Structures are given as C-alpha cells and as structure tokens.
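Shown next: coords-v6.cif, containing mmCIF, C-alpha atoms and all ligand atoms.
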data_target
loop_
_atom_site.group_PDB
_atom_site.id
_atom_site.type_symbol
_atom_site.label_atom_id
_atom_site.label_comp_id
_atom_site.auth_asym_id
_atom_site.auth_seq_id
_atom_site.Cartn_x
_atom_site.Cartn_y
_atom_site.Cartn_z
ATOM 1 C CA MET A 1 -104.029 -138.578 -14.720
ATOM 2 C CA GLY A 2 -103.014 -136.726 -11.536
ATOM 3 C CA ALA A 3 -104.391 -133.685 -9.716
ATOM 4 C CA PRO A 4 -103.173 -130.287 -10.910
ATOM 5 C CA PRO A 5 -100.987 -129.358 -7.928
ATOM 6 C CA ALA A 6 -102.312 -125.856 -7.455
ATOM 7 C CA VAL A 7 -105.954 -126.675 -6.623
ATOM 8 C CA ARG A 8 -106.773 -127.215 -2.936
ATOM 9 C CA LEU A 9 -110.059 -129.003 -2.371
ATOM 10 C CA VAL A 10 -112.291 -129.941 0.536
ATOM 11 C CA ARG A 11 -115.717 -131.562 0.222
ATOM 12 C CA SER A 12 -118.848 -132.145 2.235
ATOM 13 C CA PRO A 13 -119.862 -135.778 2.859
ATOM 14 C CA GLY A 14 -121.493 -137.289 -0.214
ATOM 15 C CA VAL A 15 -119.862 -134.897 -2.696
ATOM 16 C CA TYR A 16 -118.011 -136.598 -5.556
ATOM 17 C CA ARG A 17 -114.320 -137.015 -4.785
ATOM 18 C CA PRO A 18 -112.307 -135.618 -7.703
ATOM 19 C CA GLN A 19 -110.536 -138.472 -9.443
ATOM 20 C CA SER A 20 -109.171 -139.714 -12.765
ATOM 21 C CA ASP A 21 -112.043 -138.338 -14.834
ATOM 22 C CA THR A 22 -111.829 -134.945 -13.124
ATOM 23 C CA TRP A 23 -108.101 -134.689 -13.769
ATOM 24 C CA LEU A 24 -108.360 -135.934 -17.354
ATOM 25 C CA LEU A 25 -110.767 -133.070 -18.054
ATOM 26 C CA ALA A 26 -108.681 -130.548 -16.096
ATOM 27 C CA GLU A 27 -105.647 -131.514 -18.183
ATOM 28 C CA ALA A 28 -107.673 -131.187 -21.399
ATOM 29 C CA ALA A 29 -108.831 -127.728 -20.303
ATOM 30 C CA MET A 30 -105.249 -126.702 -19.553
ATOM 31 C CA ALA A 31 -104.138 -128.021 -22.949
ATOM 32 C CA ALA A 32 -107.003 -126.270 -24.777
ATOM 33 C CA GLY A 33 -106.618 -123.040 -22.818
ATOM 34 C CA VAL A 34 -109.425 -120.727 -21.849
ATOM 35 C CA PRO A 35 -109.695 -117.625 -24.029
ATOM 36 C CA PRO A 36 -108.917 -114.519 -21.945
ATOM 37 C CA GLY A 37 -112.103 -113.066 -20.516
ATOM 38 C CA ALA A 38 -114.141 -116.135 -21.451
ATOM 39 C CA ARG A 39 -117.496 -116.980 -19.950
ATOM 40 C CA VAL A 40 -117.344 -120.601 -18.741
ATOM 41 C CA LEU A 41 -119.995 -123.061 -17.585
ATOM 42 C CA ASP A 42 -119.095 -126.066 -15.414
ATOM 43 C CA MET A 43 -122.238 -128.170 -15.703
ATOM 44 C CA CYS A 44 -121.899 -130.735 -12.919
ATOM 45 C CA THR A 45 -119.411 -129.029 -10.687
ATOM 46 C CA GLY A 46 -119.105 -131.292 -7.611
ATOM 47 C CA THR A 47 -116.272 -129.789 -5.536
ATOM 48 C CA GLY A 48 -115.834 -127.068 -8.157
ATOM 49 C CA ALA A 49 -112.425 -128.455 -9.181
ATOM 50 C CA LEU A 50 -112.980 -127.751 -12.878
ATOM 51 C CA ALA A 51 -114.670 -124.394 -12.392
ATOM 52 C CA ILE A 52 -111.727 -123.284 -10.239
ATOM 53 C CA THR A 53 -109.276 -124.561 -12.854
ATOM 54 C CA ALA A 54 -111.103 -122.514 -15.509
ATOM 55 C CA SER A 55 -110.939 -119.434 -13.321
ATOM 56 C CA MET A 56 -107.199 -119.965 -12.778
ATOM 57 C CA LEU A 57 -106.777 -120.289 -16.546
ATOM 58 C CA GLY A 58 -108.153 -116.780 -17.049
ATOM 59 C CA ALA A 59 -111.939 -117.061 -17.399
ATOM 60 C CA ARG A 60 -113.752 -113.808 -16.589
ATOM 61 C CA ASP A 61 -117.035 -115.316 -15.499
ATOM 62 C CA VAL A 62 -117.388 -118.918 -14.277
ATOM 63 C CA VAL A 63 -120.852 -120.336 -13.714
ATOM 64 C CA ALA A 64 -120.902 -123.651 -11.816
ATOM 65 C CA ILE A 65 -124.049 -125.652 -11.266
ATOM 66 C CA ASP A 66 -124.828 -128.887 -9.525
ATOM 67 C CA ALA A 67 -128.019 -130.678 -8.525
ATOM 68 C CA SER A 68 -126.528 -131.301 -5.067
ATOM 69 C CA ARG A 69 -126.772 -128.591 -2.414
ATOM 70 C CA ARG A 70 -123.691 -129.990 -0.640
ATOM 71 C CA ALA A 71 -121.701 -129.837 -3.858
ATOM 72 C CA VAL A 72 -122.580 -126.169 -4.288
ATOM 73 C CA VAL A 73 -121.485 -125.372 -0.721
ATOM 74 C CA SER A 74 -118.214 -127.266 -1.318
ATOM 75 C CA ALA A 75 -117.603 -125.487 -4.634
ATOM 76 C CA ARG A 76 -118.103 -122.057 -3.058
ATOM 77 C CA LEU A 77 -115.785 -122.907 -0.188
ATOM 78 C CA ASN A 78 -113.133 -124.294 -2.537
ATOM 79 C CA ALA A 79 -113.275 -121.216 -4.758
ATOM 80 C CA TRP A 80 -112.636 -119.096 -1.676
ATOM 81 C CA LEU A 81 -109.797 -121.386 -0.501
ATOM 82 C CA ASN A 82 -108.123 -121.030 -3.894
ATOM 83 C CA GLY A 83 -108.682 -117.282 -4.160
ATOM 84 C CA GLN A 84 -110.934 -117.648 -7.216
ATOM 85 C CA ARG A 85 -114.304 -116.144 -8.003
ATOM 86 C CA ILE A 86 -116.979 -118.504 -9.350
ATOM 87 C CA ARG A 87 -120.773 -118.289 -9.286
ATOM 88 C CA ALA A 88 -121.950 -121.651 -7.960
ATOM 89 C CA SER A 89 -125.629 -122.418 -7.655
ATOM 90 C CA ARG A 90 -127.900 -125.373 -7.232
ATOM 91 C CA GLY A 91 -129.783 -126.444 -10.305
ATOM 92 C CA SER A 92 -130.113 -129.107 -12.924
ATOM 93 C CA MET A 93 -128.262 -128.930 -16.199
ATOM 94 C CA LEU A 94 -131.478 -130.368 -17.612
ATOM 95 C CA ALA A 95 -133.198 -127.040 -16.870
ATOM 96 C CA LEU A 96 -130.683 -124.387 -17.898
ATOM 97 C CA PRO A 97 -132.204 -121.111 -19.122
ATOM 98 C CA ALA A 98 -132.323 -121.216 -22.923
ATOM 99 C CA ALA A 99 -130.793 -117.752 -23.182
ATOM 100 C CA SER A 100 -127.492 -118.644 -21.469
ATOM 101 C CA SER A 101 -124.452 -118.669 -23.709
ATOM 102 C CA PHE A 102 -120.850 -119.547 -23.008
ATOM 103 C CA ASP A 103 -117.430 -119.537 -24.641
ATOM 104 C CA VAL A 104 -116.434 -122.769 -22.904
ATOM 105 C CA VAL A 105 -118.546 -125.536 -21.379
ATOM 106 C CA LEU A 106 -116.911 -128.156 -19.130
ATOM 107 C CA ALA A 107 -118.827 -131.317 -18.287
ATOM 108 C CA ASN A 108 -117.963 -134.336 -16.186
ATOM 109 C CA PRO A 109 -121.508 -135.660 -15.898
ATOM 110 C CA PRO A 110 -122.785 -138.960 -14.519
ATOM 111 C CA TYR A 111 -122.113 -141.516 -17.290
ATOM 112 C CA VAL A 112 -122.037 -144.959 -15.647
ATOM 113 C CA PRO A 113 -124.608 -147.468 -16.985
ATOM 114 C CA CYS A 114 -126.762 -149.009 -14.266
ATOM 115 C CA PRO A 115 -129.623 -151.533 -14.242
ATOM 116 C CA ALA A 116 -133.092 -149.999 -14.698
ATOM 117 C CA GLY A 117 -134.521 -148.923 -11.349
ATOM 118 C CA THR A 118 -131.106 -148.292 -9.710
ATOM 119 C CA VAL A 119 -131.161 -145.476 -7.148
ATOM 120 C CA THR A 120 -129.830 -142.248 -8.612
ATOM 121 C CA LYS A 121 -130.318 -140.046 -5.558
ATOM 122 C CA GLY A 122 -127.835 -138.769 -2.978
ATOM 123 C CA ARG A 123 -124.171 -139.463 -3.708
ATOM 124 C CA ARG A 124 -125.112 -142.053 -6.359
ATOM 125 C CA ARG A 125 -126.467 -139.204 -8.500
ATOM 126 C CA ALA A 126 -122.829 -138.430 -9.294
ATOM 127 C CA TRP A 127 -122.345 -141.539 -11.450
ATOM 128 C CA ASN A 128 -125.545 -143.514 -12.155
ATOM 129 C CA ALA A 129 -126.920 -142.555 -15.558
ATOM 130 C CA GLY A 130 -129.516 -145.109 -16.668
ATOM 131 C CA PRO A 131 -129.151 -148.458 -18.454
ATOM 132 C CA ASP A 132 -127.101 -147.009 -21.327
ATOM 133 C CA GLY A 133 -125.263 -144.368 -19.264
ATOM 134 C CA ARG A 134 -126.704 -141.605 -21.419
ATOM 135 C CA ALA A 135 -129.316 -139.982 -19.151
ATOM 136 C CA LEU A 136 -127.330 -136.739 -19.108
ATOM 137 C CA LEU A 137 -125.041 -137.252 -22.098
ATOM 138 C CA ASP A 138 -127.892 -136.972 -24.606
ATOM 139 C CA PRO A 139 -129.337 -133.745 -23.139
ATOM 140 C CA ILE A 140 -125.835 -132.246 -22.951
ATOM 141 C CA CYS A 141 -125.185 -133.023 -26.630
ATOM 142 C CA ARG A 142 -128.582 -131.574 -27.563
ATOM 143 C CA SER A 143 -128.032 -128.369 -25.593
ATOM 144 C CA MET A 144 -124.649 -127.451 -27.066
ATOM 145 C CA PRO A 145 -125.800 -125.635 -30.231
ATOM 146 C CA VAL A 146 -127.770 -123.283 -27.942
ATOM 147 C CA LEU A 147 -125.422 -122.996 -24.962
ATOM 148 C CA LEU A 148 -122.230 -122.369 -26.921
ATOM 149 C CA ARG A 149 -121.471 -119.013 -28.463
ATOM 150 C CA ARG A 150 -119.983 -118.977 -31.935
ATOM 151 C CA LYS A 151 -116.375 -120.205 -31.722
ATOM 152 C CA GLY A 152 -117.149 -121.641 -28.302
ATOM 153 C CA PHE A 153 -116.269 -125.192 -27.332
ATOM 154 C CA LEU A 154 -117.302 -128.052 -25.092
ATOM 155 C CA LEU A 155 -114.929 -130.389 -23.243
ATOM 156 C CA MET A 156 -116.778 -133.397 -21.872
ATOM 157 C CA VAL A 157 -115.593 -136.554 -20.115
ATOM 158 C CA HIS A 158 -116.899 -139.814 -21.489
ATOM 159 C CA SER A 159 -116.492 -143.503 -20.804
ATOM 160 C CA THR A 160 -116.300 -146.053 -23.596
ATOM 161 C CA LEU A 161 -119.101 -147.862 -21.706
ATOM 162 C CA SER A 162 -121.635 -145.187 -22.701
ATOM 163 C CA ASP A 163 -121.335 -145.065 -26.510
ATOM 164 C CA VAL A 164 -118.824 -142.423 -27.527
ATOM 165 C CA GLY A 165 -119.882 -142.695 -31.179
ATOM 166 C CA LYS A 166 -123.428 -141.656 -30.322
ATOM 167 C CA SER A 167 -122.233 -138.486 -28.574
ATOM 168 C CA LEU A 168 -119.978 -137.574 -31.489
ATOM 169 C CA ARG A 169 -122.892 -138.094 -33.914
ATOM 170 C CA ARG A 170 -125.339 -136.077 -31.802
ATOM 171 C CA LEU A 171 -122.908 -133.167 -31.497
ATOM 172 C CA ARG A 172 -122.202 -133.188 -35.244
ATOM 173 C CA GLU A 173 -125.934 -133.342 -36.008
ATOM 174 C CA GLY A 174 -126.173 -130.102 -34.004
ATOM 175 C CA GLY A 175 -123.738 -128.412 -36.390
ATOM 176 C CA LEU A 176 -120.630 -128.746 -34.219
ATOM 177 C CA THR A 177 -117.297 -130.330 -35.018
ATOM 178 C CA ALA A 178 -116.539 -133.081 -32.515
ATOM 179 C CA GLU A 179 -113.513 -135.256 -31.825
ATOM 180 C CA VAL A 180 -111.787 -137.178 -29.050
ATOM 181 C CA VAL A 181 -108.843 -135.123 -27.748
ATOM 182 C CA SER A 182 -107.481 -137.245 -24.920
ATOM 183 C CA ARG A 183 -107.919 -140.631 -23.287
ATOM 184 C CA GLY A 184 -106.730 -142.838 -20.471
ATOM 185 C CA THR A 185 -107.372 -146.361 -19.184
ATOM 186 C CA ILE A 186 -108.269 -147.095 -15.569
ATOM 187 C CA PRO A 187 -109.095 -150.297 -13.682
ATOM 188 C CA PHE A 188 -112.713 -150.704 -12.565
ATOM 189 C CA GLY A 189 -113.436 -149.024 -9.237
ATOM 190 C CA PRO A 190 -115.910 -150.357 -6.662
ATOM 191 C CA VAL A 191 -119.027 -149.160 -8.558
ATOM 192 C CA LEU A 192 -118.171 -150.933 -11.811
ATOM 193 C CA ARG A 193 -116.818 -153.996 -10.011
ATOM 194 C CA SER A 194 -120.225 -154.350 -8.336
ATOM 195 C CA ARG A 195 -122.051 -154.468 -11.687
ATOM 196 C CA THR A 196 -119.824 -156.482 -14.018
ATOM 197 C CA GLU A 197 -122.581 -159.050 -14.484
ATOM 198 C CA PHE A 198 -125.023 -156.382 -15.703
ATOM 199 C CA LEU A 199 -122.397 -154.822 -17.976
ATOM 200 C CA GLU A 200 -121.492 -158.183 -19.514
ATOM 201 C CA ARG A 201 -125.146 -159.126 -19.999
ATOM 202 C CA ALA A 202 -125.835 -155.765 -21.647
ATOM 203 C CA GLY A 203 -122.858 -156.294 -23.975
ATOM 204 C CA LEU A 204 -121.199 -153.121 -22.694
ATOM 205 C CA ILE A 205 -117.973 -154.934 -21.757
ATOM 206 C CA GLU A 206 -116.205 -158.062 -22.960
ATOM 207 C CA PRO A 207 -116.413 -161.117 -20.665
ATOM 208 C CA GLY A 208 -113.715 -160.672 -18.040
ATOM 209 C CA GLN A 209 -113.056 -157.015 -18.904
ATOM 210 C CA ARG A 210 -112.168 -155.089 -15.746
ATOM 211 C CA HIS A 211 -110.944 -151.759 -17.085
ATOM 212 C CA GLU A 212 -112.575 -148.832 -18.815
ATOM 213 C CA ASP A 213 -111.281 -146.188 -21.166
ATOM 214 C CA LEU A 214 -112.036 -142.618 -20.228
ATOM 215 C CA LEU A 215 -111.789 -139.926 -22.823
ATOM 216 C CA VAL A 216 -112.501 -136.276 -23.428
ATOM 217 C CA ILE A 217 -114.649 -135.124 -26.316
ATOM 218 C CA ARG A 218 -114.098 -131.642 -27.673
ATOM 219 C CA ALA A 219 -116.888 -130.080 -29.712
ATOM 220 C CA ASP A 220 -116.574 -126.658 -31.364
ATOM 221 C CA ARG A 221 -119.318 -124.396 -32.595
ATOM 222 C CA PRO A 222 -117.938 -122.933 -35.831
HETATM 223 C C1 LIG B 1 -118.972 -137.302 -11.956
HETATM 224 S S1 LIG B 1 -119.430 -136.040 -10.807
HETATM 225 C C2 LIG B 1 -118.307 -134.768 -11.354
HETATM 226 C C3 LIG B 1 -118.007 -133.720 -10.319
HETATM 227 C C4 LIG B 1 -116.882 -132.754 -10.704
HETATM 228 N N1 LIG B 1 -117.196 -132.001 -11.891
HETATM 229 C C5 LIG B 1 -115.589 -133.487 -10.910
HETATM 230 O O1 LIG B 1 -115.166 -133.619 -12.076
HETATM 231 O O2 LIG B 1 -114.983 -133.937 -9.928
HETATM 232 C C6 LIG B 1 -121.013 -135.552 -11.451
HETATM 233 C C7 LIG B 1 -121.711 -134.416 -10.701
HETATM 234 O O3 LIG B 1 -122.943 -134.149 -11.384
HETATM 235 C C8 LIG B 1 -123.930 -133.786 -10.455
HETATM 236 N N2 LIG B 1 -125.239 -133.969 -11.115
HETATM 237 C C9 LIG B 1 -125.950 -135.122 -11.304
HETATM 238 N N3 LIG B 1 -127.074 -134.873 -11.988
HETATM 239 C C10 LIG B 1 -127.074 -133.535 -12.264
HETATM 240 C C11 LIG B 1 -127.959 -132.665 -12.959
HETATM 241 N N4 LIG B 1 -129.091 -133.109 -13.521
HETATM 242 N N5 LIG B 1 -127.628 -131.350 -13.050
HETATM 243 C C12 LIG B 1 -126.496 -130.866 -12.478
HETATM 244 N N6 LIG B 1 -125.620 -131.637 -11.805
HETATM 245 C C13 LIG B 1 -125.901 -132.963 -11.711
HETATM 246 C C14 LIG B 1 -123.648 -134.671 -9.261
HETATM 247 O O4 LIG B 1 -124.213 -134.144 -8.081
HETATM 248 C C15 LIG B 1 -122.111 -134.688 -9.258
HETATM 249 O O5 LIG B 1 -121.596 -133.671 -8.426
#

As structure tokens - that is how I would like this structure written.
Ligand SMILES: C[S@@+](CC[C@H](N)C(=O)[O-])C[C@H]1O[C@@H](n2cnc3c(N)ncnc32)[C@H](O)[C@@H]1O
Amino acid sequence: MGAPPAVRLVRSPGVYRPQSDTWLLAEAAMAAGVPPGARVLDMCTGTGALAITASMLGARDVVAIDASRRAVVSARLNAWLNGQRIRASRGSMLALPAASSFDVVLANPPYVPCPAGTVTKGRRRAWNAGPDGRALLDPICRSMPVLLRRKGFLLMVHSTLSDVGKSLRRLREGGLTAEVVSRGTIPFGPVLRSRTEFLERAGLIEPGQRHEDLLVIRADRP
C-alpha cells in the first residue's frame, strides 16, 4: 500500500495525511479504471489525493467535498500543483443535494469506532465515527442508490472494526451488487493504540489484537 508516485501533495495543518487507506483506495480506483468522461464524486476528500487520481485516470468532472475548510483549500492547491481540474467545496456528505448523480463515487470516510462522547471536531473528524464506527458508513450506503447513475459504482474504504457485513447488506438492500475487491493488514497506529481497552470491551477486537484489516468495497448499480 504505497503512494501512487505521480501525485504531489501538500496539506494545511489538521488535514488528514494520506496513508494506507488512501493508497488502498487509489490502487482500487486504478485497477477499476474510470470510464472516459465520467462524473466522479470524492466524498471526504481531505488533501484531494483521490479526486486528483480520478482526474488523472480520465474523469471529465470531479466533485470533491469535505466538511473541513482547510481540507478544501488543500485539495484545490493540490489539484493545481498536479495540473488537474477538480471542483472542491466545503460541505457535508450527509447533506448532498438529492439530484446529484455520478458514474463513480470514491469514499474514504471516518470509520474508526470511538467511545460515546469522544470529540469528533477538528482533525479528529477525519477518523472518529461513533461507538460502532458507522456514523458515516450507514448514510453513505443509504445514499448510493440515489447518488449513482445506472452502471455507476462506489469504491469505499472500510475497516474490519466497523462491520463490513453490515455495509455489504445495506448496499445490497439498496439494489446494488456489493463485494470486497481488495484488502490489506496494517498495525494499529496511535489512534487505535490509545483505545485498545475500549475496542476489546466492545468486542470489536480479540484480546491482544494490535492490527486491523483494511479493505475496499465495490458496489455497482446495475
Ligand atoms: C479518513 S479522511 C480521508 C481523506 C482523504 N480522502 C484520503 O483518503 O486521504 C476523512 C475525511 O472526511 C472528512 N469528513 C468528516 N466528516 C465529513 C462529512 N460529514 N462530510 C464530508 N467530509 C467529512 C474529514 O474532514 C476528512 O478529511
């Protein structure tokens, strides 16, 4: 899981640093390909790494949104640095206009389980996603039948800590086909190391487990 060499990225303080999950999704997007002229949505864009990758892969129109103003500034700057055109704006993926429709949706949302009441503002908004890690995963799954055009597809990063089976079921209930297309294992970083007790108590990891599996779900609208 390494960075695609061609993308040059800078980021404002507090913006999510692209890492294993970013590159796992970028690789899945490169493997899937972006249909020529496609309209692409990058839901939680951060530095814009995935939006820029989609543009490099041939997308005609790339919409990138993020709840963080600093992320949007970084994404615009990075698009310029890489000679790509994307439309980055601040907004929540929880409030996307119902009429939007896309050929490809890319999502690396916050998915890390955290104890109830944990701060989810500022830079922590990039990973904290409620006690089951599904604060954004459920709305994303629900929105796909509307956001995807026919024959469109979603590529979404997931951790095995936040119930992959539930996402697959939700997507299928929405009339999509859904499967895991790639995966990788990484050691716990500082965030997960700081909450192993919570994760063990919640039954989300085995006692002593200090690694997580990341994977990419692909869902197609037939
Ligand atoms: C895990 S980071 C991924 C960033 C980037 N896509 C990447 O792969 O490197 C998640 C991003 O989601 C953004 N975010 C959190 N809640 C959001 C929401 N409700 N709507 C849009 N973006 C959100 C965060 O600001 C953060 O930039």

Checklist entry - How would you write, as a ChimeraX atom specification, the set of residues no farther than 7 Å from ligand LIG 1 (chain B) when counting only C-alpha atoms and all ligand atoms? => result /A:15-19,21-22,43-50,65-68,71,91-94,107-110,123,125-127,136

Item to check | Residues within 9 Å of region 143-145 of chain A, all atoms listed in the file, excluding chain neighbours under 6 positions, as a PyMOL selection string | outcome: chain A and resi 94+98+105+153-154+171+174-176+219+221

Next on the checklist: When you look at Ser162 (chain A) with a cut-off of 9 Å (counting all atoms listed in the file), what residues show up, excluding the ones that are within fewer than 6 positions of it in the same chain? I need them as a count of residues only.
Outcome noted: 8

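CA of Asp220 (chain A) is positioned 5.2 Å from CA of Thr177 (chain A).
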
Next on the checklist: What does the structure give for the distance between CA of Val216 (chain A) and CA of Ser159 (chain A), in Å to one decimal?
Outcome noted: 8.7 Å

Checklist entry - Looking at A:Gly184, A:Pro97, A:Pro115, A:Gly58, which one is nearest to Gln84 (chain A), with distances taken over all atoms listed in the file? => result A:Gly58

Checklist entry - Out of A:Ala202, A:Val34, A:Ala51, A:Ala116, which residue has the shortest atom-to-atom distance to Ala135 (chain A) when counting all atoms listed in the file? => result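 Using all atoms listed in the file, Ala135 (chain A) sits closest to A:Ala116.
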
Item to check | Contacts of Val104 (chain A) within 9 Å, only C-alpha atoms, excl. fewer than 3 positions in-chain, as a ChimeraX atom specification | outcome: /A:34-35,38-42,148-149,152-155

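In terms of minimum interatomic distance to Asp163 (chain A), A:Leu214 ranks closest within A:Leu106, A:Ile186, A:Leu214, A:Val73, counting only C-alpha atoms.
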
Checklist entry - From the set A:Arg150, A:Arg76, A:Arg69, A:Lys121, which residue has the shortest atom-to-atom contact distance to Ser101 (chain A), counting only C-alpha atoms? => result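 Checking each candidate against Ser101 (chain A), we get A:Arg150 as the closest.
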
Around region 4-18 of chain A, fit a box with edges along x, y and z, padding it by 3 Å on each side, then list its centre and edge lengths in Å to one decimal as JSON.
{"center_x": -111.2, "center_y": -131.6, "center_z": -4.0, "size_x": 26.5, "size_y": 17.4, "size_z": 19.8}

Save region 124-146 of chain A to disk from that block, N, CA, C and O atoms included, as a tab-separated table (two decimals), in the first residue's frame.
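File written: part24.tsv
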chain	number	residue	atom	x	y	z
A	124	ARG	N	-9.79	15.44	14.42
A	124	ARG	CA	-10.34	14.13	14.83
A	124	ARG	C	-11.57	13.74	14.01
A	124	ARG	O	-11.98	12.60	13.99
A	125	ARG	N	-12.17	14.74	13.35
A	125	ARG	CA	-13.32	14.46	12.48
A	125	ARG	C	-12.94	13.51	11.36
A	125	ARG	O	-13.79	12.85	10.77
A	126	ALA	N	-11.64	13.44	11.06
A	126	ALA	CA	-11.19	12.60	9.94
A	126	ALA	C	-11.30	11.11	10.25
A	126	ALA	O	-11.30	10.30	9.34
A	127	TRP	N	-11.36	10.74	11.54
A	127	TRP	CA	-11.38	9.28	11.81
A	127	TRP	C	-12.48	8.86	12.78
A	127	TRP	O	-13.03	7.77	12.65
A	128	ASN	N	-12.82	9.69	13.77
A	128	ASN	CA	-13.79	9.24	14.78
A	128	ASN	C	-15.19	9.11	14.18
A	128	ASN	O	-15.69	10.05	13.55
A	129	ALA	N	-15.83	7.97	14.41
A	129	ALA	CA	-17.11	7.72	13.72
A	129	ALA	C	-18.12	7.02	14.62
A	129	ALA	O	-18.86	6.13	14.18
A	130	GLY	N	-18.14	7.39	15.91
A	130	GLY	CA	-19.16	6.83	16.80
A	130	GLY	C	-18.79	5.47	17.33
A	130	GLY	O	-17.83	4.85	16.85
A	131	PRO	N	-19.54	4.97	18.32
A	131	PRO	CA	-19.16	3.73	19.02
A	131	PRO	C	-19.05	2.50	18.11
A	131	PRO	O	-18.28	1.59	18.41
A	132	ASP	N	-19.78	2.48	17.00
A	132	ASP	CA	-19.65	1.32	16.10
A	132	ASP	C	-18.88	1.67	14.82
A	132	ASP	O	-18.77	0.83	13.92
A	133	GLY	N	-18.40	2.90	14.73
A	133	GLY	CA	-17.63	3.31	13.54
A	133	GLY	C	-18.47	3.57	12.31
A	133	GLY	O	-17.95	3.75	11.21
A	134	ARG	N	-19.81	3.60	12.48
A	134	ARG	CA	-20.67	3.63	11.31
A	134	ARG	C	-21.40	4.96	11.09
A	134	ARG	O	-22.32	5.04	10.27
A	135	ALA	N	-20.97	6.02	11.80
A	135	ALA	CA	-21.70	7.29	11.72
A	135	ALA	C	-21.82	7.78	10.27
A	135	ALA	O	-22.84	8.37	9.90
A	136	LEU	N	-20.80	7.55	9.47
A	136	LEU	CA	-20.91	7.96	8.06
A	136	LEU	C	-21.12	6.79	7.12
A	136	LEU	O	-21.65	6.94	6.03
A	137	LEU	N	-20.69	5.59	7.56
A	137	LEU	CA	-20.82	4.43	6.67
A	137	LEU	C	-22.29	4.14	6.34
A	137	LEU	O	-22.65	3.88	5.19
A	138	ASP	N	-23.16	4.22	7.35
A	138	ASP	CA	-24.57	3.93	7.10
A	138	ASP	C	-25.20	4.95	6.13
A	138	ASP	O	-25.84	4.55	5.15
A	139	PRO	N	-25.01	6.26	6.37
A	139	PRO	CA	-25.56	7.22	5.40
A	139	PRO	C	-24.98	7.05	3.99
A	139	PRO	O	-25.71	7.21	3.00
A	140	ILE	N	-23.70	6.70	3.90
A	140	ILE	CA	-23.12	6.50	2.57
A	140	ILE	C	-23.82	5.34	1.86
A	140	ILE	O	-24.24	5.44	0.72
A	141	CYS	N	-23.97	4.22	2.59
A	141	CYS	CA	-24.64	3.05	1.98
A	141	CYS	C	-26.06	3.42	1.54
A	141	CYS	O	-26.50	3.05	0.45
A	142	ARG	N	-26.75	4.18	2.39
A	142	ARG	CA	-28.14	4.55	2.08
A	142	ARG	C	-28.23	5.46	0.85
A	142	ARG	O	-29.18	5.40	0.10
A	143	SER	N	-27.20	6.31	0.67
A	143	SER	CA	-27.29	7.32	-0.39
A	143	SER	C	-26.94	6.77	-1.78
A	143	SER	O	-27.23	7.40	-2.79
A	144	MET	N	-26.32	5.59	-1.83
A	144	MET	CA	-25.80	5.12	-3.11
A	144	MET	C	-26.85	4.89	-4.20
A	144	MET	O	-26.63	5.24	-5.36
A	145	PRO	N	-28.02	4.30	-3.87
A	145	PRO	CA	-29.00	4.09	-4.94
A	145	PRO	C	-29.41	5.41	-5.60
A	145	PRO	O	-29.80	5.43	-6.77
A	146	VAL	N	-29.31	6.52	-4.87
A	146	VAL	CA	-29.69	7.82	-5.44
A	146	VAL	C	-28.50	8.49	-6.12
A	146	VAL	O	-28.62	9.05	-7.21
